[in-house]
Each structure stands twice: as C-alpha cells, then as structure tokens.
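Q: Quick one, upload_9.txt (compact mmCIF, C-alpha atoms and all ligand atoms):
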```txt
# COMPACT_ATOMS: atom_id res chain seq x y z
CA MET A 240 -33.18 -33.75 -16.50
CA LYS A 241 -30.39 -35.65 -18.15
CA ILE A 242 -27.58 -37.80 -16.78
CA ILE A 243 -24.88 -38.40 -19.34
CA ALA A 244 -22.09 -40.92 -18.93
CA PHE A 245 -19.18 -41.78 -21.18
CA VAL A 246 -17.82 -45.28 -21.62
CA GLY A 247 -15.03 -46.52 -23.82
CA LEU A 248 -11.76 -48.37 -23.89
CA PRO A 249 -8.64 -46.92 -22.25
CA LEU A 250 -7.45 -43.68 -23.85
CA SER A 251 -10.51 -43.33 -26.05
CA GLY A 252 -11.22 -39.81 -24.75
CA LYS A 253 -13.66 -40.14 -21.84
CA THR A 254 -11.82 -37.78 -19.50
CA THR A 255 -11.46 -35.28 -22.32
CA ALA A 256 -15.22 -35.45 -22.92
CA SER A 257 -15.91 -34.80 -19.23
CA ARG A 258 -13.52 -31.86 -19.28
CA ILE A 259 -15.43 -30.37 -22.21
CA ALA A 260 -18.65 -30.74 -20.22
CA GLU A 261 -17.06 -28.97 -17.28
CA GLU A 262 -15.96 -26.12 -19.54
CA MET A 263 -19.57 -25.76 -20.64
CA GLY A 264 -20.54 -25.33 -16.99
CA ILE A 265 -22.10 -28.77 -16.73
CA PRO A 266 -21.52 -30.38 -13.32
CA VAL A 267 -19.44 -33.56 -13.47
CA VAL A 268 -19.66 -36.35 -10.91
CA VAL A 269 -16.42 -38.33 -10.90
CA MET A 270 -17.07 -41.89 -9.74
CA GLY A 271 -13.46 -42.24 -8.63
CA ASP A 272 -13.99 -39.43 -6.10
CA VAL A 273 -16.32 -41.73 -4.16
CA VAL A 274 -13.51 -44.27 -3.95
CA ARG A 275 -10.90 -41.67 -3.00
CA GLU A 276 -13.14 -40.34 -0.23
CA GLU A 277 -13.62 -43.85 1.11
CA VAL A 278 -9.82 -44.31 1.15
CA LEU A 279 -9.43 -41.15 3.24
CA ARG A 280 -12.36 -42.07 5.49
CA ARG A 281 -10.55 -45.28 6.34
CA GLY A 282 -7.46 -43.30 7.28
CA LEU A 283 -5.43 -44.75 4.41
CA GLU A 284 -2.93 -42.95 2.25
CA LEU A 285 -4.30 -41.77 -1.09
CA THR A 286 -2.42 -44.00 -3.51
CA ASP A 287 -3.58 -45.77 -6.67
CA GLU A 288 -3.01 -49.07 -4.95
CA ASN A 289 -5.23 -48.19 -1.98
CA ALA A 290 -7.90 -46.80 -4.29
CA GLY A 291 -7.84 -50.02 -6.31
CA ARG A 292 -8.09 -52.12 -3.17
CA VAL A 293 -10.95 -50.11 -1.68
CA ALA A 294 -12.85 -50.16 -5.00
CA THR A 295 -12.52 -53.94 -5.25
CA GLU A 296 -13.56 -54.37 -1.63
CA LEU A 297 -16.61 -52.14 -2.02
CA ARG A 298 -17.68 -54.12 -5.07
CA GLU A 299 -17.14 -57.46 -3.32
CA LYS A 300 -19.11 -56.39 -0.26
CA GLU A 301 -21.85 -54.28 -1.75
CA GLY A 302 -22.10 -55.57 -5.33
CA MET A 303 -20.66 -54.51 -8.67
CA ASP A 304 -22.71 -51.34 -8.63
CA ALA A 305 -21.50 -50.24 -5.17
CA ILE A 306 -19.81 -47.10 -6.46
CA ALA A 307 -22.65 -46.19 -8.79
CA LYS A 308 -25.12 -46.43 -5.88
CA ARG A 309 -23.00 -44.11 -3.78
CA CYS A 310 -22.93 -41.60 -6.63
CA ILE A 311 -26.72 -41.31 -6.90
CA PRO A 312 -27.26 -38.77 -4.07
CA ARG A 313 -24.44 -36.64 -5.50
CA ILE A 314 -25.93 -36.78 -8.98
CA ARG A 315 -29.34 -35.76 -7.62
CA GLU A 316 -27.78 -32.86 -5.75
CA LYS A 317 -25.87 -31.64 -8.80
CA LEU A 318 -28.92 -31.98 -11.04
CA GLU A 319 -30.37 -29.04 -9.13
CA GLU A 320 -27.78 -26.75 -10.73
CA ARG A 321 -28.45 -27.13 -14.44
CA GLY A 322 -30.80 -30.08 -14.86
CA ILE A 323 -27.94 -32.04 -16.44
CA VAL A 324 -25.00 -33.95 -14.99
CA VAL A 325 -22.11 -35.80 -16.58
CA VAL A 326 -20.90 -38.96 -14.85
CA ASP A 327 -17.27 -39.81 -15.35
CA GLY A 328 -15.89 -43.28 -14.68
CA ILE A 329 -18.44 -45.95 -15.61
CA ARG A 330 -16.74 -49.31 -15.83
CA GLY A 331 -19.36 -51.97 -16.20
CA ILE A 332 -22.84 -53.02 -17.07
CA ALA A 333 -23.98 -53.31 -13.43
CA GLU A 334 -23.37 -49.59 -13.01
CA VAL A 335 -25.23 -48.78 -16.21
CA GLU A 336 -28.18 -50.89 -15.08
CA THR A 337 -28.30 -49.15 -11.70
CA PHE A 338 -28.32 -45.71 -13.32
CA ARG A 339 -30.96 -46.81 -15.84
CA LYS A 340 -33.13 -48.10 -13.03
CA GLU A 341 -32.73 -44.89 -11.08
CA PHE A 342 -33.04 -42.37 -13.90
CA GLY A 343 -34.86 -44.27 -16.67
CA ASP A 344 -34.60 -42.75 -20.13
CA ASP A 345 -33.00 -39.63 -18.68
CA PHE A 346 -29.79 -41.62 -18.41
CA ILE A 347 -27.80 -41.44 -21.66
CA LEU A 348 -24.77 -43.59 -22.25
CA ILE A 349 -22.21 -42.41 -24.78
CA ASN A 350 -19.54 -44.71 -26.13
CA VAL A 351 -16.29 -43.01 -27.13
CA GLU A 352 -14.44 -45.02 -29.72
CA ALA A 353 -11.01 -44.96 -31.32
CA PRO A 354 -8.91 -47.79 -32.80
CA LEU A 355 -6.06 -49.28 -30.85
CA GLU A 356 -3.30 -47.67 -32.93
CA VAL A 357 -4.76 -44.20 -32.43
CA ARG A 358 -5.14 -44.75 -28.71
CA PHE A 359 -1.63 -46.11 -28.43
CA GLU A 360 -0.23 -42.97 -30.10
CA ARG A 361 -2.07 -40.93 -27.50
CA ALA A 362 -0.61 -43.01 -24.68
CA LEU A 363 2.86 -42.23 -25.97
CA LYS A 364 2.02 -38.55 -25.98
CA ARG A 365 0.21 -38.51 -22.64
CA LYS A 366 3.11 -40.22 -20.85
CA ARG A 367 1.09 -40.87 -17.71
CA GLU A 368 3.11 -43.10 -15.42
CA ASP A 369 0.61 -45.94 -15.55
CA ASP A 370 0.14 -45.67 -19.33
CA VAL A 371 0.98 -48.59 -21.57
CA LYS A 372 4.37 -48.79 -23.21
CA THR A 373 3.60 -51.13 -26.12
CA PRO A 374 0.56 -51.81 -28.34
CA GLU A 375 0.46 -55.36 -26.94
CA GLU A 376 0.17 -53.99 -23.45
CA LEU A 377 -2.73 -51.79 -24.53
CA LYS A 378 -4.39 -54.79 -26.12
CA ARG A 379 -4.12 -56.68 -22.84
CA ARG A 380 -5.55 -53.72 -20.97
CA ASP A 381 -8.45 -53.56 -23.43
CA GLU A 382 -9.14 -57.23 -22.86
CA ARG A 383 -9.05 -56.81 -19.12
CA GLU A 384 -11.51 -53.91 -19.24
CA LEU A 385 -13.76 -55.80 -21.65
CA SER A 386 -13.77 -58.85 -19.42
CA TRP A 387 -15.05 -56.63 -16.60
CA SER A 388 -18.27 -56.32 -18.55
CA MET A 389 -17.33 -53.06 -20.23
CA ARG A 390 -18.23 -54.86 -23.47
CA GLU A 391 -21.91 -55.11 -22.56
CA ALA A 392 -21.94 -51.50 -21.46
CA ILE A 393 -20.48 -50.43 -24.81
CA LYS A 394 -22.99 -52.58 -26.65
CA ILE A 395 -26.01 -50.88 -25.11
CA ALA A 396 -24.69 -47.32 -25.43
CA ASP A 397 -27.26 -44.87 -26.83
CA ILE A 398 -24.74 -42.96 -28.91
CA THR A 399 -21.28 -43.74 -30.26
CA VAL A 400 -18.82 -40.94 -30.89
CA GLU A 401 -15.69 -41.59 -32.89
CA ASN A 402 -12.61 -39.88 -31.62
CA THR A 403 -10.21 -40.48 -34.47
CA GLY A 404 -9.71 -36.92 -35.67
CA THR A 405 -8.18 -33.89 -34.02
CA ILE A 406 -8.99 -32.84 -30.52
CA ASP A 407 -10.91 -29.83 -31.91
CA GLU A 408 -13.10 -32.12 -33.99
CA PHE A 409 -13.78 -34.25 -30.94
CA GLU A 410 -14.60 -31.18 -28.90
CA ASP A 411 -17.11 -30.01 -31.53
CA LYS A 412 -18.88 -33.39 -31.53
CA ILE A 413 -19.10 -33.57 -27.74
CA ARG A 414 -20.29 -29.96 -27.47
CA ALA A 415 -23.00 -30.58 -30.05
CA ILE A 416 -24.28 -33.63 -28.18
CA LEU A 417 -24.22 -31.95 -24.78
CA THR A 418 -25.89 -28.81 -26.14
CA HIS A 419 -28.64 -30.99 -27.55
CA PHE A 420 -29.34 -32.44 -24.10
CA LEU A 421 -28.94 -29.21 -22.15
CA PRO A 422 -32.41 -28.35 -20.89
CA ARG A 423 -33.24 -24.66 -20.98
CA VAL A 424 -36.38 -25.04 -18.94
CA GLU A 425 -37.50 -27.91 -16.77
CA VAL A 426 -41.02 -28.27 -15.48
CA GLU A 427 -41.82 -29.95 -12.19
CA ILE A 428 -45.40 -30.65 -11.26
CA GLU A 429 -46.49 -31.68 -7.81
CA THR A 430 -49.86 -32.33 -6.26
CA ASP A 431 -51.55 -34.32 -3.51
CA VAL A 432 -53.56 -37.34 -4.51
CA PHE A 433 -56.30 -37.77 -1.95
CA PRO A 434 -57.67 -41.24 -1.13
CA THR A 435 -60.98 -40.18 -2.68
CA GLU A 436 -59.25 -39.37 -5.97
CA ASP A 437 -58.55 -41.75 -8.81
CA GLU A 438 -54.78 -41.84 -9.37
CA GLU A 439 -55.21 -42.46 -13.08
CA LYS A 440 -57.41 -39.42 -13.39
CA VAL A 441 -54.89 -37.22 -11.63
CA LYS A 442 -52.17 -38.54 -13.93
CA LYS A 443 -54.35 -37.75 -16.89
CA ALA A 444 -54.88 -34.20 -15.65
CA VAL A 445 -51.11 -33.72 -15.70
CA LYS A 446 -50.70 -35.43 -19.08
CA ASN A 447 -53.38 -33.21 -20.58
CA LEU A 448 -51.18 -30.19 -19.96
CA PHE A 449 -47.75 -31.85 -20.16
CA PRO A 450 -48.09 -34.99 -22.33
CA ASP A 451 -44.38 -35.89 -22.16
CA ALA A 452 -44.13 -35.73 -18.37
CA THR A 453 -42.75 -38.68 -16.45
CA ILE A 454 -44.98 -39.24 -13.44
CA GLU A 455 -44.49 -40.93 -10.09
CA ILE A 456 -46.98 -41.29 -7.28
CA GLU A 457 -45.72 -42.04 -3.81
CA ASP A 458 -47.39 -41.76 -0.42
CA GLY A 459 -50.28 -39.71 -1.73
CA LYS A 460 -48.10 -37.27 -3.64
CA LEU A 461 -47.67 -36.98 -7.37
CA TYR A 462 -44.40 -35.78 -8.85
CA ALA A 463 -43.96 -35.17 -12.55
CA ARG A 464 -41.18 -33.76 -14.70
CA THR A 465 -40.73 -32.72 -18.29
CA SER A 466 -38.83 -30.22 -20.36
CA SER A 467 -41.48 -29.92 -23.01
CA LEU A 468 -43.63 -26.79 -22.84
CA SER A 469 -45.39 -27.05 -26.18
CA ARG A 470 -48.83 -28.37 -25.17
CA PHE A 471 -49.13 -25.98 -22.23
CA ARG A 472 -48.13 -23.11 -24.48
CA GLU A 473 -50.63 -24.17 -27.11
CA LEU A 474 -53.46 -24.36 -24.57
CA LEU A 475 -52.74 -20.82 -23.36
CA ARG A 476 -53.29 -19.65 -26.94
CA MET A 477 -56.37 -21.78 -27.61
CA GLN A 478 -58.01 -20.53 -24.43
CA ARG A 479 -56.93 -16.94 -25.15
CA ILE A 480 -55.59 -16.42 -21.65
CA LEU A 481 -52.18 -15.01 -22.54
CA ASP A 482 -52.61 -11.82 -20.46
CA THR A 483 -53.63 -13.75 -17.35
CA ALA A 484 -50.84 -16.25 -17.91
CA ARG A 485 -48.33 -13.45 -18.34
CA SER A 486 -49.25 -11.81 -15.05
CA GLU A 487 -49.32 -15.18 -13.24
CA LEU A 488 -45.85 -16.01 -14.53
CA ILE A 489 -44.54 -12.62 -13.43
CA ARG A 490 -46.22 -13.01 -10.03
CA GLY A 491 -44.78 -16.51 -9.57
CA ARG A 492 -41.20 -15.65 -10.41
CA SER A 493 -38.48 -15.97 -7.83
CA GLY A 494 -34.96 -15.86 -9.29
CA ASN A 495 -34.69 -18.55 -11.92
CA ARG A 496 -37.85 -20.31 -10.80
CA VAL A 497 -41.40 -19.56 -11.77
CA LYS A 498 -44.16 -21.18 -9.80
CA VAL A 499 -47.83 -21.24 -10.71
CA LEU A 500 -50.82 -23.08 -9.31
CA LEU A 501 -53.31 -24.70 -11.63
CA ASN A 502 -56.76 -26.04 -10.98
CA LYS A 503 -56.64 -29.82 -11.07
CA GLN A 504 -60.30 -30.34 -11.94
CA THR A 505 -60.18 -28.20 -15.05
CA ALA A 506 -56.94 -29.91 -16.05
CA PHE A 507 -58.97 -33.16 -16.18
CA VAL A 508 -60.71 -31.60 -19.18
CA SER A 509 -57.54 -30.08 -20.67
CA ARG A 510 -58.23 -26.57 -19.46
CA ILE A 511 -55.75 -24.30 -17.78
CA ASN A 512 -57.18 -22.34 -14.87
CA PHE A 513 -54.82 -20.55 -12.54
CA ALA A 514 -55.70 -21.33 -8.95
CA GLU A 515 -54.95 -20.40 -5.34
CA GLU A 516 -53.28 -22.66 -2.79
CA ASP A 517 -56.52 -23.16 -0.86
CA ALA A 518 -58.39 -24.75 -3.75
CA ILE A 519 -60.70 -27.53 -2.56
CA LEU A 520 -58.70 -30.20 -4.32
CA SER A 521 -54.99 -29.65 -4.00
CA PRO A 522 -53.91 -27.66 -7.09
CA LEU A 523 -51.20 -28.71 -9.52
CA ARG A 524 -48.12 -26.89 -8.26
CA VAL A 525 -46.07 -26.22 -11.38
CA THR A 526 -42.50 -24.98 -11.17
CA PHE A 527 -40.59 -23.89 -14.26
CA ARG A 528 -36.84 -23.93 -13.63
CA LEU A 529 -34.93 -21.72 -16.01
CA TYR A 530 -31.37 -22.65 -16.84
CA ASP A 531 -29.69 -20.94 -19.79
CA ILE A 532 -32.41 -18.48 -20.45
CA ASP A 533 -33.54 -15.03 -19.27
CA PHE A 534 -36.86 -14.80 -17.54
CA GLU A 535 -38.01 -12.16 -20.07
CA ARG A 536 -37.39 -14.48 -22.99
CA PHE A 537 -39.18 -17.33 -21.24
CA LEU A 538 -42.09 -15.00 -20.50
CA ASP A 539 -42.30 -13.71 -24.08
CA TYR A 540 -42.13 -17.25 -25.41
CA MET A 541 -44.84 -18.60 -23.12
CA ALA A 542 -47.19 -15.65 -22.90
CA PRO A 543 -46.29 -12.67 -25.08
CA GLU A 544 -47.88 -9.28 -24.67
CA THR A 545 -51.09 -8.92 -26.64
CA ARG A 546 -53.03 -6.26 -28.51
CA ASP A 547 -56.75 -6.79 -29.12
CA GLY A 548 -56.36 -10.24 -27.62
CA ARG A 549 -53.64 -11.30 -30.08
CA PRO A 550 -49.92 -11.73 -29.44
CA ILE A 551 -47.94 -8.71 -30.64
CA ARG A 552 -44.94 -10.87 -31.47
CA GLU A 553 -44.57 -14.65 -31.26
CA LEU A 554 -41.19 -16.24 -30.53
CA GLU A 555 -40.97 -19.49 -32.41
CA ARG A 556 -38.26 -20.89 -30.18
CA LEU A 557 -37.18 -20.43 -26.61
N1 LIG B 1 -8.85 -36.34 -30.68
C1 LIG B 1 -7.71 -36.31 -29.96
N2 LIG B 1 -6.56 -35.91 -30.54
C2 LIG B 1 -5.41 -35.91 -29.84
N3 LIG B 1 -5.29 -36.28 -28.56
C3 LIG B 1 -6.37 -36.70 -27.93
C4 LIG B 1 -7.66 -36.74 -28.59
N4 LIG B 1 -8.57 -37.21 -27.70
C5 LIG B 1 -7.91 -37.44 -26.54
N5 LIG B 1 -6.60 -37.14 -26.67
C6 LIG B 1 -5.54 -37.30 -25.68
O1 LIG B 1 -5.42 -38.69 -25.46
C7 LIG B 1 -5.20 -38.97 -24.08
C8 LIG B 1 -6.28 -39.89 -23.59
O2 LIG B 1 -7.52 -39.20 -23.52
P1 LIG B 1 -8.42 -39.29 -22.20
O3 LIG B 1 -7.58 -39.16 -20.99
O4 LIG B 1 -9.55 -38.35 -22.39
O5 LIG B 1 -8.91 -40.79 -22.38
P2 LIG B 1 -9.68 -41.72 -21.35
O6 LIG B 1 -10.65 -42.49 -22.17
O7 LIG B 1 -10.22 -40.94 -20.21
O8 LIG B 1 -8.48 -42.64 -20.89
P3 LIG B 1 -8.35 -43.62 -19.60
O9 LIG B 1 -9.49 -44.56 -19.67
O10 LIG B 1 -7.04 -44.30 -19.86
O11 LIG B 1 -8.31 -42.74 -18.41
C9 LIG B 1 -5.14 -37.64 -23.39
O12 LIG B 1 -3.80 -37.24 -23.25
C10 LIG B 1 -5.89 -36.71 -24.33
O13 LIG B 1 -5.44 -35.37 -24.23
```
Spell out the structure here as structure tokens.
Ligand SMILES: Nc1ncnc2c1ncn2[C@@H]1O[C@H](COP(=O)(O)OP(=O)(O)OP(=O)(O)O)[C@@H](O)[C@H]1O
A:
Amino acid sequence: MKIIAFVGLPLSGKTTASRIAEEMGIPVVVMGDVVREEVLRRGLELTDENAGRVATELREKEGMDAIAKRCIPRIREKLEERGIVVVDGIRGIAEVETFRKEFGDDFILINVEAPLEVRFERALKRKREDDVKTPEELKRRDERELSWSMREAIKIADITVENTGTIDEFEDKIRAILTHFLPRVEVEIETDVFPTEDEEKVKKAVKNLFPDATIEIEDGKLYARTSSLSRFRELLRMQRILDTARSELIRGRSGNRVKVLLNKQTAFVSRINFAEEDAILSPLRVTFRLYDIDFERFLDYMAPETRDGRPIRELERL
C-alpha cells in the first residue's frame, strides 16, 4: 500500500496534482473535508472563516496533528479500493510525523515546487477571491506558511517535483510518479501465533516466502503485507509445483481476490506447501489483491500452464 501526500508553497500545484490522481482513479482524501464536516457537525455555517476557526481550535485542543489523526480511518478505508491513496492538504511537520508513524515507509511525501514569480502569475490567472494581489503579498503568505512548520515538512520530502513548465508537463511528471507507486497486486498474509510458537520463527516463515513483507504481531495474530511476488514465484518454479499452484490460485479466486492457504511449518524451511484450514498449526492465509490487472494475467505470471513439467510461456512482467 502507498499513501502519497503533496506539500508545497501556495499555488505550487498541489491541488492540481491531487486532481490528476483522481483522474487516474486513485482515491483522494482531502484533509479540509474533515474540518468542513466538523463545522457542519457543530451546526455552523460553512464559511472559510468558520473552517479556519474550527481548524485552529481542533489543533489547539487535540494537537497540531488533530486533522491528520482524524483522516487515518478514512485513509485506511480508501486503501481498500486500490491499495493507494493520495492525501491532499498537509500543512505541517506534525501531520507528516503522524502519517509516518502510522504508515511507515508506505507514506511518501512529495514536494511541489515553483518560484515565487511563476506562482504569482498563476494567482493572477486563477483569480480566486482569496488569492494574493501582489508579489509582496504572496511572499508574506509564503512566510506565514513556512512559519507553520511547512519548511520542515518540505525539507524531509521524499521527492521534489518542479512545476515550472506547462500544465501538460506537470501532469506527465505526476502521472509517472503515481504510476510508479500504483500497486498491481498486494499480498496480505495472516496467521495465528500460538503461545507455544516462537514469534521470530513465524516471522521467518513469512519472510522466507515474502522477504520484503512488513510484519506486525498483535494479540497472537500475525499480519504481513507486501507487493513483491518475486520470491514466492521463484519458489514455485524451483519446487516444480506450477500445476498445483495454478489450480490452487484458480480455486482460491473470488472477484479480484485470490486466497490460498500455506503450510507454516514447511515455510520455516522455505518450502511452499498448499494447506487446508484445519492444519495442526494455523496455516499462513495469503490473500493476493488484484488492482489494475486481470486474473488471467496474474495467473499466467505466477503459475503458467506447463508441458512436460515446464512452463509453456513465461511472462517476464505482470
Ligand atoms: N504548470 C502549470 N501551468 C499553468 N498553470 C498551472 C500549472 N500548475 C498549476 N497551475 C494553475 O495554478 C493555480 C494554482 O495551482 P493549484 O491550485 O494546484 O496550487 P495549490 O498548491 O493547490 O495552491 P494553494 O495552496 O494556494 O491552494 C491553479 O489555477 C492551477 O490551474
């Protein structure tokens, strides 16, 4: 999964970047919506002034990351759709830190940059009522935003995108970045960890099949996630179990999800054995979620049809 947020000075192109994401079918969580909903919940009129007041009050009462925290359940919900979400409206470092803590390396911060003169030109064209009227005014607005710790957020951004060219050039850059992060398949692994089992060993069993997985253990349950299929795919070939794997994947398919059960004990020794639910030790329950990809292509990529035990045709990429 990936959570992508844009930061940048006023008029740099953040909203435009979110719009491009939306056009690509990527769900966008707008942080301002949380504020607007709170305004309505309090029975207030939906004006910029009320939104500003409620946002300040939320931050004073609940901390600088109040709005970010309230966005987390929404982000989690929307992640179900495509495994990727864009967050629009980050304003400060506290929010970035909260998202980093929640989502770890899956949270990607992108800084959108353009010089003051370019942004001022755009303000003149945009003519939004609250837009600046002079370059000096924009400079003051920049300084205000920067003093709200936007500067630190910009400093730790993972990627910087310059938006100094045409809108089409900007669109191409943003599309390329988002396409790069768009997962086609996500793998979720779940299993029970019994008190008699060694947690580290169970983790290792998962890592043997999915070395890049991020793993959490909570209340006797292990949850792991990754979007890398390569080791699992390689093992299917080394063990020459493509036919079995193919029928298990077909059997486990339900819409855009494919669920298989794997023997945990054999995974300890890097072997894939398909299992049944009533295995003595709880099996590894592996779910492949397919996003922008047909099941048939996924199937042919993972476990192609074989002749004399060899794949008839190998797909190099998903
Ligand atoms: N490369 C570009 N070429 C021309 N116009 C652009 C370009 N990028 C953005 N714009 C225009 O500049 C204006 C500001 O862009 P946008 O609203 O995306 O910025 P923003 O960072 O969200 O601004 P703010 O923080 O003030 O809300 C918009 O009218 C947008 O259409």
Q: As an exercise, work out the distance from atom C7 of ligand LIG 1 (chain B) to CA of Lys372 (chain A) in Å and give it to one decimal place.
A: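 Between atom C7 of ligand LIG 1 (chain B) and CA of Lys372 (chain A) the gap works out to 13.7 Å.
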Q: Between chain A and ligand LIG 1 (chain B), at 8 Å or less, what are the per-residue closest atom pairs and their distances in Å? Count only C-alpha atoms and all ligand atoms, order by chain and rising residue number, and return it as a Markdown table.
A:
```
| residue | atom | partner | partner_atom | distance |
| --- | --- | --- | --- | --- |
| A:Val246 | CA | B:LIG1 | O6 | 7.7 |
| A:Gly247 | CA | B:LIG1 | O6 | 6.2 |
| A:Leu248 | CA | B:LIG1 | O9 | 6.1 |
| A:Pro249 | CA | B:LIG1 | O9 | 3.6 |
| A:Leu250 | CA | B:LIG1 | O8 | 3.3 |
| A:Ser251 | CA | B:LIG1 | O6 | 4.0 |
| A:Gly252 | CA | B:LIG1 | O4 | 3.2 |
| A:Lys253 | CA | B:LIG1 | O6 | 3.8 |
| A:Thr254 | CA | B:LIG1 | O7 | 3.6 |
| A:Thr255 | CA | B:LIG1 | O4 | 3.6 |
| A:Ala256 | CA | B:LIG1 | O4 | 6.4 |
| A:Ser257 | CA | B:LIG1 | O4 | 7.9 |
| A:Val351 | CA | B:LIG1 | O6 | 7.5 |
| A:Arg358 | CA | B:LIG1 | O1 | 6.9 |
| A:Arg361 | CA | B:LIG1 | O1 | 4.5 |
| A:Ala362 | CA | B:LIG1 | C7 | 6.1 |
| A:Lys364 | CA | B:LIG1 | O12 | 6.6 |
| A:Arg365 | CA | B:LIG1 | O12 | 4.3 |
| A:Lys366 | CA | B:LIG1 | O12 | 7.9 |
| A:Asp370 | CA | B:LIG1 | O10 | 7.3 |
| A:Asn402 | CA | B:LIG1 | N1 | 5.2 |
| A:Thr403 | CA | B:LIG1 | N1 | 5.8 |
| A:Gly404 | CA | B:LIG1 | N1 | 5.1 |
| A:Thr405 | CA | B:LIG1 | N1 | 4.2 |
| A:Ile406 | CA | B:LIG1 | N1 | 3.5 |
| A:Asp407 | CA | B:LIG1 | N1 | 6.9 |
| A:Glu408 | CA | B:LIG1 | N1 | 6.8 |
| A:Phe409 | CA | B:LIG1 | N1 | 5.4 |
| A:Glu410 | CA | B:LIG1 | N1 | 7.9 |
```
Q: Would you mind exporting C-alpha atoms of the selected residues as an mmCIF file, keeping the file's coordinate frame?
A:
```
data_model
loop_
_atom_site.group_PDB
_atom_site.id
_atom_site.type_symbol
_atom_site.label_atom_id
_atom_site.label_comp_id
_atom_site.auth_asym_id
_atom_site.auth_seq_id
_atom_site.Cartn_x
_atom_site.Cartn_y
_atom_site.Cartn_z
ATOM 1 C CA VAL A 246 -17.820 -45.280 -21.620
ATOM 2 C CA GLY A 247 -15.030 -46.520 -23.820
ATOM 3 C CA LEU A 248 -11.760 -48.370 -23.890
ATOM 4 C CA PRO A 249 -8.640 -46.920 -22.250
ATOM 5 C CA LEU A 250 -7.450 -43.680 -23.850
ATOM 6 C CA SER A 251 -10.510 -43.330 -26.050
ATOM 7 C CA GLY A 252 -11.220 -39.810 -24.750
ATOM 8 C CA LYS A 253 -13.660 -40.140 -21.840
ATOM 9 C CA THR A 254 -11.820 -37.780 -19.500
ATOM 10 C CA THR A 255 -11.460 -35.280 -22.320
ATOM 11 C CA ALA A 256 -15.220 -35.450 -22.920
ATOM 12 C CA SER A 257 -15.910 -34.800 -19.230
ATOM 13 C CA VAL A 351 -16.290 -43.010 -27.130
ATOM 14 C CA ARG A 358 -5.140 -44.750 -28.710
ATOM 15 C CA ARG A 361 -2.070 -40.930 -27.500
ATOM 16 C CA ALA A 362 -0.610 -43.010 -24.680
ATOM 17 C CA LYS A 364 2.020 -38.550 -25.980
ATOM 18 C CA ARG A 365 0.210 -38.510 -22.640
ATOM 19 C CA LYS A 366 3.110 -40.220 -20.850
ATOM 20 C CA ASP A 370 0.140 -45.670 -19.330
ATOM 21 C CA ASN A 402 -12.610 -39.880 -31.620
ATOM 22 C CA THR A 403 -10.210 -40.480 -34.470
ATOM 23 C CA GLY A 404 -9.710 -36.920 -35.670
ATOM 24 C CA THR A 405 -8.180 -33.890 -34.020
ATOM 25 C CA ILE A 406 -8.990 -32.840 -30.520
ATOM 26 C CA ASP A 407 -10.910 -29.830 -31.910
ATOM 27 C CA GLU A 408 -13.100 -32.120 -33.990
ATOM 28 C CA PHE A 409 -13.780 -34.250 -30.940
ATOM 29 C CA GLU A 410 -14.600 -31.180 -28.900
#
```
Q: Using only C-alpha atoms, can you tell me which of A:Gly291, A:Ala244, A:Leu377, A:Lys340 comes closest to Gly328 (chain A)?
A: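 Once distances to Gly328 (chain A) are computed over only C-alpha atoms, the minimum belongs to A:Ala244.
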Q: In Å to one decimal, how far is CA of Glu429 (chain A) from CA of Asp458 (chain A)?
A: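 We find that CA of Asp458 (chain A) and CA of Glu429 (chain A) lie 12.5 Å from each other.
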Q: Can you tell me, as an MDAnalysis selection string, which residues sit within 12 Å of (-22.1, -26.6, -16.7) in the file's frame, using only C-alpha atoms?
A: chainID A and resid 257:268 317:325 414 417:418 420:422 530:531
Q: Those selected residues, please, written with C-alpha atoms and delivered as a compact mmCIF listing (two decimals), in the coordinates of the input.
A:
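Once everything was written out, this is selection_4.txt:
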```txt
# COMPACT_ATOMS: atom_id res chain seq x y z
CA SER A 257 -15.91 -34.80 -19.23
CA ARG A 258 -13.52 -31.86 -19.28
CA ILE A 259 -15.43 -30.37 -22.21
CA ALA A 260 -18.65 -30.74 -20.22
CA GLU A 261 -17.06 -28.97 -17.28
CA GLU A 262 -15.96 -26.12 -19.54
CA MET A 263 -19.57 -25.76 -20.64
CA GLY A 264 -20.54 -25.33 -16.99
CA ILE A 265 -22.10 -28.77 -16.73
CA PRO A 266 -21.52 -30.38 -13.32
CA VAL A 267 -19.44 -33.56 -13.47
CA VAL A 268 -19.66 -36.35 -10.91
CA LYS A 317 -25.87 -31.64 -8.80
CA LEU A 318 -28.92 -31.98 -11.04
CA GLU A 319 -30.37 -29.04 -9.13
CA GLU A 320 -27.78 -26.75 -10.73
CA ARG A 321 -28.45 -27.13 -14.44
CA GLY A 322 -30.80 -30.08 -14.86
CA ILE A 323 -27.94 -32.04 -16.44
CA VAL A 324 -25.00 -33.95 -14.99
CA VAL A 325 -22.11 -35.80 -16.58
CA ARG A 414 -20.29 -29.96 -27.47
CA LEU A 417 -24.22 -31.95 -24.78
CA THR A 418 -25.89 -28.81 -26.14
CA PHE A 420 -29.34 -32.44 -24.10
CA LEU A 421 -28.94 -29.21 -22.15
CA PRO A 422 -32.41 -28.35 -20.89
CA TYR A 530 -31.37 -22.65 -16.84
CA ASP A 531 -29.69 -20.94 -19.79
```
Q: Quick one, how far is CA of Gln504 (chain A) from CA of Leu468 (chain A)?
A: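 We find that CA of Gln504 (chain A) and CA of Leu468 (chain A) lie 20.2 Å from each other.
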Q: For a quick check of understanding, using all atoms listed in the file, which of A:Ile428, A:Ile454, A:Ala484, A:Ile489 has the smallest distance to Leu523 (chain A)?
A: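 Selected residue with least distance to Leu523 (chain A): A:Ile428.
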Q: Using only C-alpha atoms, which of the listed residues (A:Val426, A:Ile511, A:Ala396, A:Val432) sits closest to Leu448 (chain A)?
A: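 Going through A:Val426, A:Ile511, A:Ala396, A:Val432 one by one, the smallest distance to Leu448 (chain A) is for A:Ile511.
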Q: Find the residue from A:Glu316, A:Glu555, A:Glu391, A:Glu427 that sits nearest to Ile332 (chain A); use all atoms listed in the file when measuring.
A: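 Smallest separation from Ile332 (chain A) among the options: A:Glu391.
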